[in-house]
>>> print(open('final03.cif').read())   # mmCIF, C-alpha atoms and all ligand atoms
data_model
#
loop_
_atom_site.label_atom_id
_atom_site.label_comp_id
_atom_site.auth_asym_id
_atom_site.auth_seq_id
_atom_site.Cartn_x
_atom_site.Cartn_y
_atom_site.Cartn_z
CA MET A 1 -53.98 8.35 -56.36
CA ILE A 2 -51.43 11.12 -56.50
CA SER A 3 -48.43 10.08 -58.53
CA ARG A 4 -44.91 10.71 -57.40
CA GLN A 5 -44.36 12.84 -60.47
CA SER A 6 -47.30 15.12 -59.69
CA LEU A 7 -46.02 15.60 -56.12
CA ILE A 8 -42.70 16.66 -57.52
CA ASP A 9 -44.45 19.03 -59.94
CA ARG A 10 -46.47 20.62 -57.15
CA ALA A 11 -43.48 21.08 -54.90
CA PHE A 12 -41.71 22.64 -57.85
CA LEU A 13 -44.57 25.05 -58.52
CA ARG A 14 -44.95 26.01 -54.85
CA ALA A 15 -41.29 26.84 -54.65
CA ARG A 16 -41.46 29.27 -57.54
CA THR A 17 -43.39 32.44 -58.12
CA LEU A 18 -44.10 33.25 -61.72
CA PRO A 19 -43.03 36.72 -62.79
CA LEU A 20 -46.08 38.97 -63.28
CA GLY A 21 -45.17 39.73 -66.89
CA ARG A 22 -45.44 36.09 -67.81
CA LEU A 23 -48.88 35.70 -66.16
CA ASP A 24 -50.07 38.81 -67.95
CA SER A 25 -49.37 37.29 -71.34
CA LEU A 26 -51.62 34.34 -70.45
CA VAL A 27 -54.72 36.45 -69.75
CA SER A 28 -56.00 36.72 -73.33
CA GLN A 29 -55.50 32.99 -73.81
CA ALA A 30 -57.42 32.31 -70.59
CA MET A 31 -60.29 34.55 -71.75
CA VAL A 32 -60.59 32.65 -75.04
CA GLU A 33 -60.61 29.37 -73.11
CA LEU A 34 -63.29 30.71 -70.75
CA ALA A 35 -65.43 31.92 -73.67
CA ARG A 36 -65.14 28.47 -75.25
CA LYS A 37 -66.28 26.80 -72.04
CA VAL A 38 -69.23 29.18 -71.67
CA ALA A 39 -70.21 28.71 -75.33
CA THR A 40 -70.44 24.94 -74.92
CA ASP A 41 -72.38 25.10 -71.63
CA ASP A 42 -76.08 24.99 -72.49
CA ASN A 43 -77.03 26.82 -69.31
CA ARG A 44 -74.59 29.68 -69.81
CA ALA A 45 -74.13 30.02 -73.57
CA ASP A 46 -76.87 32.64 -73.59
CA LEU A 47 -74.54 34.99 -71.69
CA LEU A 48 -72.51 35.30 -74.90
CA ARG A 49 -75.52 35.83 -77.09
CA LYS A 50 -76.28 39.19 -78.56
CA ASP A 51 -79.43 40.22 -80.38
CA PHE A 52 -79.67 42.91 -83.03
CA THR A 53 -82.61 44.66 -84.58
CA LEU A 54 -82.60 45.75 -88.19
CA THR A 55 -85.01 47.58 -90.38
CA VAL A 56 -85.38 46.40 -93.95
CA VAL A 57 -86.35 48.98 -96.56
CA SER A 58 -86.93 47.82 -100.15
CA GLY A 59 -85.08 44.58 -99.51
CA GLU A 60 -82.04 46.11 -97.85
CA ALA A 61 -80.90 46.73 -94.30
CA SER A 62 -77.79 48.53 -93.16
CA LEU A 63 -75.57 46.63 -90.70
CA ALA A 64 -73.41 49.71 -90.08
CA ALA A 65 -74.75 50.41 -86.57
CA ALA A 66 -74.58 46.72 -85.58
CA LEU A 67 -71.00 46.41 -86.82
CA THR A 68 -69.81 49.49 -84.94
CA ALA A 69 -71.68 48.85 -81.67
CA SER A 70 -69.53 48.51 -78.54
CA GLU A 71 -70.15 44.75 -78.73
CA PRO A 72 -70.36 44.47 -82.51
CA MET A 73 -72.19 41.92 -84.58
CA LEU A 74 -69.82 39.12 -85.60
CA LEU A 75 -70.35 39.10 -89.34
CA PRO A 76 -68.81 35.65 -89.98
CA PHE A 77 -71.48 34.10 -87.73
CA LEU A 78 -74.43 35.84 -89.37
CA PRO A 79 -75.19 32.86 -91.68
CA MET A 80 -75.82 30.83 -88.48
CA ALA A 81 -78.03 33.43 -86.79
CA THR A 82 -81.70 32.71 -86.26
CA ILE A 83 -83.65 35.44 -87.99
CA ILE A 84 -87.42 35.30 -88.11
CA SER A 85 -89.99 37.81 -89.23
CA PRO A 86 -93.75 37.92 -89.76
CA ASP A 87 -93.10 37.35 -93.49
CA SER A 88 -91.70 33.89 -93.00
CA THR A 89 -92.91 30.79 -91.20
CA LEU A 90 -89.35 29.45 -91.03
CA PRO A 91 -86.07 31.12 -90.03
CA TRP A 92 -84.45 33.09 -92.83
CA GLN A 93 -82.12 31.14 -95.06
CA TYR A 94 -78.62 32.39 -95.81
CA VAL A 95 -77.40 32.25 -99.43
CA MET A 96 -73.88 32.93 -100.69
CA ASP A 97 -74.40 35.96 -102.92
CA THR A 98 -76.91 38.23 -104.64
CA ALA A 99 -76.98 36.01 -107.76
CA GLN A 100 -78.37 33.20 -105.61
CA LEU A 101 -80.59 35.63 -103.75
CA ASN A 102 -82.23 36.74 -106.99
CA LEU A 103 -82.99 33.24 -108.28
CA ASP A 104 -86.67 32.61 -109.03
CA ARG A 105 -88.14 30.40 -106.36
CA SER A 106 -91.60 29.02 -105.73
CA ALA A 107 -93.46 30.89 -103.04
CA LEU A 108 -92.97 28.59 -100.06
CA GLY A 109 -93.02 31.38 -97.52
CA MET A 110 -89.24 31.24 -97.17
CA VAL A 111 -87.14 34.41 -96.90
CA TYR A 112 -83.53 34.34 -98.12
CA PHE A 113 -80.76 36.76 -97.25
CA THR A 114 -77.14 37.50 -98.00
CA THR A 115 -74.64 40.20 -97.05
CA SER A 116 -72.25 42.37 -98.97
CA GLY A 117 -70.04 44.67 -96.93
CA SER A 118 -72.27 46.30 -94.35
CA THR A 119 -75.49 45.72 -96.29
CA LEU A 120 -77.85 42.84 -95.70
CA SER A 121 -80.07 42.03 -98.69
CA VAL A 122 -83.33 40.12 -98.44
CA SER A 123 -85.29 38.26 -101.12
CA GLY A 124 -88.69 39.50 -102.18
CA GLY A 125 -87.91 43.21 -101.71
CA LEU A 126 -89.34 43.30 -98.19
CA THR A 127 -89.96 46.68 -96.66
CA THR A 128 -89.75 47.79 -93.04
CA THR A 129 -89.77 44.32 -91.62
CA TYR A 130 -88.98 44.01 -87.97
CA LEU A 131 -86.15 41.55 -87.68
CA ASP A 132 -85.33 39.67 -84.53
CA ASN A 133 -85.03 36.24 -83.07
CA ASP A 134 -87.03 36.86 -79.93
CA GLY A 135 -90.14 35.08 -81.19
CA GLU A 136 -88.07 31.95 -81.69
CA ARG A 137 -86.55 32.42 -78.25
CA LEU A 138 -90.00 32.57 -76.66
CA ARG A 139 -91.15 29.44 -78.48
CA GLU A 140 -88.03 27.55 -77.35
CA ALA A 141 -88.52 28.69 -73.74
CA MET A 142 -92.13 27.55 -73.71
CA GLN A 143 -91.14 24.11 -75.04
CA ARG A 144 -88.43 23.82 -72.38
CA MET A 145 -90.90 24.92 -69.72
CA VAL A 146 -93.32 22.13 -70.62
CA ALA A 147 -90.49 19.56 -70.60
CA LEU A 148 -89.15 20.75 -67.21
CA GLU A 149 -92.61 20.73 -65.66
CA ALA A 150 -93.18 17.20 -66.96
CA ASN A 151 -89.90 16.16 -65.28
CA HIS A 152 -90.76 17.97 -62.04
CA ALA A 153 -87.56 20.01 -62.47
CA MET A 154 -89.11 23.27 -61.34
CA GLU A 155 -86.57 24.21 -58.65
CA THR A 156 -83.70 24.49 -61.12
CA ASP A 157 -81.84 27.44 -62.62
CA GLU A 158 -82.96 26.18 -66.01
CA TYR A 159 -86.59 26.57 -64.95
CA ALA A 160 -85.76 30.09 -63.69
CA GLU A 161 -84.39 30.82 -67.18
CA VAL A 162 -87.56 29.77 -68.94
CA LEU A 163 -89.62 31.79 -66.46
CA TYR A 164 -87.45 34.77 -67.37
CA GLU A 165 -87.70 34.18 -71.12
CA THR A 166 -91.48 33.92 -70.96
CA GLY A 167 -91.74 37.19 -69.04
CA ARG A 168 -92.36 35.75 -65.54
CA ILE A 169 -89.40 37.76 -64.34
CA GLU A 170 -90.27 38.23 -60.65
CA GLU A 171 -90.58 34.47 -60.12
CA ALA A 172 -87.35 34.00 -62.11
CA ILE A 173 -85.44 36.37 -59.80
CA VAL A 174 -86.61 34.50 -56.69
CA LEU A 175 -85.71 31.09 -58.11
CA MET A 176 -82.40 31.82 -59.93
CA LYS A 177 -79.34 30.77 -57.91
CA ASP A 178 -76.62 31.90 -60.36
CA PRO A 179 -75.72 35.37 -58.98
CA ILE A 180 -74.75 36.83 -62.39
CA LYS A 181 -78.03 35.86 -64.00
CA LYS A 182 -80.01 36.88 -60.91
CA ALA A 183 -78.47 40.37 -61.07
CA HIS A 184 -79.16 40.55 -64.82
CA TYR A 185 -82.83 39.65 -64.29
CA GLN A 186 -83.15 42.25 -61.51
CA GLN A 187 -81.64 44.87 -63.83
CA ARG A 188 -84.19 43.96 -66.54
CA LEU A 189 -87.06 44.22 -64.04
CA ASP A 190 -85.83 47.65 -62.90
CA ALA A 191 -85.75 48.73 -66.56
CA ILE A 192 -89.31 47.48 -67.11
CA LEU A 193 -90.57 49.41 -64.09
CA LYS A 194 -89.02 52.70 -65.28
CA ASP A 195 -91.25 55.37 -66.74
CA ASP A 196 -91.62 54.59 -70.46
CA GLY A 197 -90.25 58.00 -71.44
CA ALA A 198 -87.24 57.91 -69.11
CA TRP A 199 -83.81 58.28 -70.72
CA CYS A 200 -80.27 59.07 -69.55
CA ASN A 201 -78.55 62.45 -69.75
CA CYS A 202 -75.54 61.51 -71.86
CA ASP A 203 -75.30 61.89 -75.64
CA GLY A 204 -75.21 58.15 -76.41
CA GLU A 205 -77.47 56.64 -79.05
CA LYS A 206 -80.48 54.44 -78.37
CA GLN A 207 -79.85 50.85 -79.34
CA VAL A 208 -82.63 48.22 -79.31
CA ILE A 209 -80.92 45.09 -78.00
CA ARG A 210 -83.93 42.78 -78.15
CA ARG A 211 -87.63 42.63 -77.44
CA TYR A 212 -88.83 41.22 -74.14
CA PRO A 213 -92.29 40.01 -73.07
CA SER A 214 -93.12 42.64 -70.46
CA MET A 215 -95.85 41.92 -67.91
CA LYS A 216 -96.28 45.66 -67.31
CA HIS A 217 -97.02 46.33 -70.98
CA GLY A 218 -98.81 43.04 -71.66
CA LYS A 219 -96.77 42.41 -74.82
CA SER A 220 -93.29 42.15 -76.27
CA ILE A 221 -91.48 45.47 -75.86
CA ALA A 222 -88.14 46.89 -77.05
CA VAL A 223 -85.24 46.74 -74.59
CA VAL A 224 -83.39 49.97 -75.36
CA LYS A 225 -79.83 50.53 -74.17
CA CYS A 226 -77.69 53.64 -74.30
CA THR A 227 -74.55 53.08 -76.41
CA LYS A 228 -72.45 55.22 -74.05
CA CYS A 229 -73.61 54.49 -70.52
CA GLU A 230 -75.34 51.54 -68.84
CA PHE A 231 -78.83 53.04 -69.00
CA VAL A 232 -81.55 50.62 -70.12
CA ASN A 233 -85.28 51.10 -70.48
CA VAL A 234 -87.97 48.70 -71.68
CA SER A 235 -90.21 50.88 -73.79
CA ASP A 236 -91.63 51.34 -77.29
CA GLN A 237 -91.83 55.11 -76.80
CA LEU A 238 -88.17 56.09 -77.06
ZN ZN B 301 -76.37 57.23 -71.63
#
>>> encode(input="final03.cif", output="structure tokens")
Amino acid sequence: MISRQSLIDRAFLRARTLPLGRLDSLVSQAMVELARKVATDDNRADLLRKDFTLTVVSGEASLAAALTASEPMLLPFLPMATIISPDSTLPWQYVMDTAQLNLDRSALGMVYFTTSGSTLSVSGGLTTTYLDNDGERLREAMQRMVALEANHAMETDEYAEVLYETGRIEEAIVLMKDPIKKAHYQQRLDAILKDDGAWCNCDGEKQVIRRYPSMKHGKSIAVVKCTKCEFVNVSDQL
């Protein structure tokens, strides 16, 4: 049912054109609202996700590059990030400060971390640990794949996503219906197929955005993006 009041409202809106200046001021609000919607949509939230790689030396890693990247790490959300490493069977555990970090704990295979300014400190004085959440991502995708197959839901975009996350990228491209994700997958495949030594000609820095299970390489490989242009290569030789 359309109420009388809503008909009046619509007629009112049709009869008026909003001045451009006023619409302009609504754009940032609309973007926040859109981001909120995407963040709460299980199928799309991943579009907002950003992965960072850090190197820990003697228990410390610098966040400087991550914090100054064009899409910087959001420090307030770091305590909620999933960080796993070969040193720990469980995701790293955030603690409030270095006093808590340095507490004596029984060796349960748990790694603790905290941050101070642009430095991330890790318990146990770890050295040169590769830090990422891609292992966790792969495990999650494989669990979802089993569940979707059990439910015969293999024609869905969600199934295309798990194909992508497990490295079956060509099948994922064929199946994915969402045009944005389809284009993203195609771009990743193009990057995989590039010569491992290929790099752009600008003076941007090489940033490892995540590791991806590459069929061509037969293992998980760094996805390296230029910080200045859109160039991406999937290679451990850059
Ligand atoms: Zn470049």
>>> residues_near_ligand(input="final03.cif", ligand="ligand ZN 301 (chain B)", cutoff="9 Å", atoms="only C-alpha atoms and all ligand atoms", output="ChimeraX atom specification")
/A:199-206,225-232
>>> write_last_selection(input="final03.cif", atoms="C-alpha atoms", output="PDB file, in the frame of the given file")
ATOM      1  CA  TRP A 199     -83.810  58.280 -70.720  1.00  0.00           C
ATOM      2  CA  CYS A 200     -80.270  59.070 -69.550  1.00  0.00           C
ATOM      3  CA  ASN A 201     -78.550  62.450 -69.750  1.00  0.00           C
ATOM      4  CA  CYS A 202     -75.540  61.510 -71.860  1.00  0.00           C
ATOM      5  CA  ASP A 203     -75.300  61.890 -75.640  1.00  0.00           C
ATOM      6  CA  GLY A 204     -75.210  58.150 -76.410  1.00  0.00           C
ATOM      7  CA  GLU A 205     -77.470  56.640 -79.050  1.00  0.00           C
ATOM      8  CA  LYS A 206     -80.480  54.440 -78.370  1.00  0.00           C
ATOM      9  CA  LYS A 225     -79.830  50.530 -74.170  1.00  0.00           C
ATOM     10  CA  CYS A 226     -77.690  53.640 -74.300  1.00  0.00           C
ATOM     11  CA  THR A 227     -74.550  53.080 -76.410  1.00  0.00           C
ATOM     12  CA  LYS A 228     -72.450  55.220 -74.050  1.00  0.00           C
ATOM     13  CA  CYS A 229     -73.610  54.490 -70.520  1.00  0.00           C
ATOM     14  CA  GLU A 230     -75.340  51.540 -68.840  1.00  0.00           C
ATOM     15  CA  PHE A 231     -78.830  53.040 -69.000  1.00  0.00           C
ATOM     16  CA  VAL A 232     -81.550  50.620 -70.120  1.00  0.00           C
TER      17      VAL A 232
END
>>> atom_distance(input="final03.cif", atom1="CA of Met80 (chain A)", atom2="CA of Thr55 (chain A)")
19.2 Å
>>> closest_residue(input="final03.cif", among="A:Glu155, A:Glu161, A:Asp24, A:Asp236", to="Lys181 (chain A)", atoms="all atoms listed in the file")
A:Glu161
>>> residues_around(input="final03.cif", residues="region 42-54 of chain A", least_positions_apart="4", cutoff="10 Å", atoms="all atoms listed in the file", output="MDAnalysis selection string")
chainID A and resid 35:38 60:63 65:66 71:74 81:83 120 128:134 157:158 161 178 180:181 184 207:211 222
>>> write_last_selection(input="final03.cif", atoms="C-alpha atoms", output="PDB file, in the coordinates of the input")
ATOM      1  CA  ALA A  35     -65.430  31.920 -73.670  1.00  0.00           C
ATOM      2  CA  ARG A  36     -65.140  28.470 -75.250  1.00  0.00           C
ATOM      3  CA  LYS A  37     -66.280  26.800 -72.040  1.00  0.00           C
ATOM      4  CA  VAL A  38     -69.230  29.180 -71.670  1.00  0.00           C
ATOM      5  CA  GLU A  60     -82.040  46.110 -97.850  1.00  0.00           C
ATOM      6  CA  ALA A  61     -80.900  46.730 -94.300  1.00  0.00           C
ATOM      7  CA  SER A  62     -77.790  48.530 -93.160  1.00  0.00           C
ATOM      8  CA  LEU A  63     -75.570  46.630 -90.700  1.00  0.00           C
ATOM      9  CA  ALA A  65     -74.750  50.410 -86.570  1.00  0.00           C
ATOM     10  CA  ALA A  66     -74.580  46.720 -85.580  1.00  0.00           C
ATOM     11  CA  GLU A  71     -70.150  44.750 -78.730  1.00  0.00           C
ATOM     12  CA  PRO A  72     -70.360  44.470 -82.510  1.00  0.00           C
ATOM     13  CA  MET A  73     -72.190  41.920 -84.580  1.00  0.00           C
ATOM     14  CA  LEU A  74     -69.820  39.120 -85.600  1.00  0.00           C
ATOM     15  CA  ALA A  81     -78.030  33.430 -86.790  1.00  0.00           C
ATOM     16  CA  THR A  82     -81.700  32.710 -86.260  1.00  0.00           C
ATOM     17  CA  ILE A  83     -83.650  35.440 -87.990  1.00  0.00           C
ATOM     18  CA  LEU A 120     -77.850  42.840 -95.700  1.00  0.00           C
ATOM     19  CA  THR A 128     -89.750  47.790 -93.040  1.00  0.00           C
ATOM     20  CA  THR A 129     -89.770  44.320 -91.620  1.00  0.00           C
ATOM     21  CA  TYR A 130     -88.980  44.010 -87.970  1.00  0.00           C
ATOM     22  CA  LEU A 131     -86.150  41.550 -87.680  1.00  0.00           C
ATOM     23  CA  ASP A 132     -85.330  39.670 -84.530  1.00  0.00           C
ATOM     24  CA  ASN A 133     -85.030  36.240 -83.070  1.00  0.00           C
ATOM     25  CA  ASP A 134     -87.030  36.860 -79.930  1.00  0.00           C
ATOM     26  CA  ASP A 157     -81.840  27.440 -62.620  1.00  0.00           C
ATOM     27  CA  GLU A 158     -82.960  26.180 -66.010  1.00  0.00           C
ATOM     28  CA  GLU A 161     -84.390  30.820 -67.180  1.00  0.00           C
ATOM     29  CA  ASP A 178     -76.620  31.900 -60.360  1.00  0.00           C
ATOM     30  CA  ILE A 180     -74.750  36.830 -62.390  1.00  0.00           C
ATOM     31  CA  LYS A 181     -78.030  35.860 -64.000  1.00  0.00           C
ATOM     32  CA  HIS A 184     -79.160  40.550 -64.820  1.00  0.00           C
ATOM     33  CA  GLN A 207     -79.850  50.850 -79.340  1.00  0.00           C
ATOM     34  CA  VAL A 208     -82.630  48.220 -79.310  1.00  0.00           C
ATOM     35  CA  ILE A 209     -80.920  45.090 -78.000  1.00  0.00           C
ATOM     36  CA  ARG A 210     -83.930  42.780 -78.150  1.00  0.00           C
ATOM     37  CA  ARG A 211     -87.630  42.630 -77.440  1.00  0.00           C
ATOM     38  CA  ALA A 222     -88.140  46.890 -77.050  1.00  0.00           C
TER      39      ALA A 222
END
>>> closest_residue(input="final03.cif", among="A:Gln100, A:Ser214, A:Gln29, A:Ser118", to="Leu67 (chain A)", atoms="only C-alpha atoms")
A:Ser118
>>> closest_residue(input="final03.cif", among="A:Ser116, A:Ala183, A:Ala172, A:Lys216", to="Ala99 (chain A)", atoms="all atoms listed in the file")
A:Ser116
>>> residues_near_point(input="final03.cif", point="(-94.8, 34.9, -65.1)", cutoff="12 Å", atoms="only C-alpha atoms", output="JSON, numbers by chain")
{"A": [142, 145, 159, 160, 161, 162, 163, 164, 165, 166, 167, 168, 169, 170, 171, 172, 173, 174, 213, 214, 215, 216, 218]}
>>> closest_residue(input="final03.cif", among="A:Gln143, A:Gly59, A:Gly117, A:Leu90", to="Asn102 (chain A)", atoms="all atoms listed in the file")
A:Gly59
>>> atom_distance(input="final03.cif", atom1="CA of Leu75 (chain A)", atom2="CA of Thr115 (chain A)")
8.9 Å
>>> atom_distance(input="final03.cif", atom1="CA of Tyr94 (chain A)", atom2="CA of Phe113 (chain A)")
5.1 Å
>>> closest_residue(input="final03.cif", among="A:Val224, A:Val56, A:Val95, A:Ala69", to="Gly125 (chain A)", atoms="all atoms listed in the file")
A:Val56
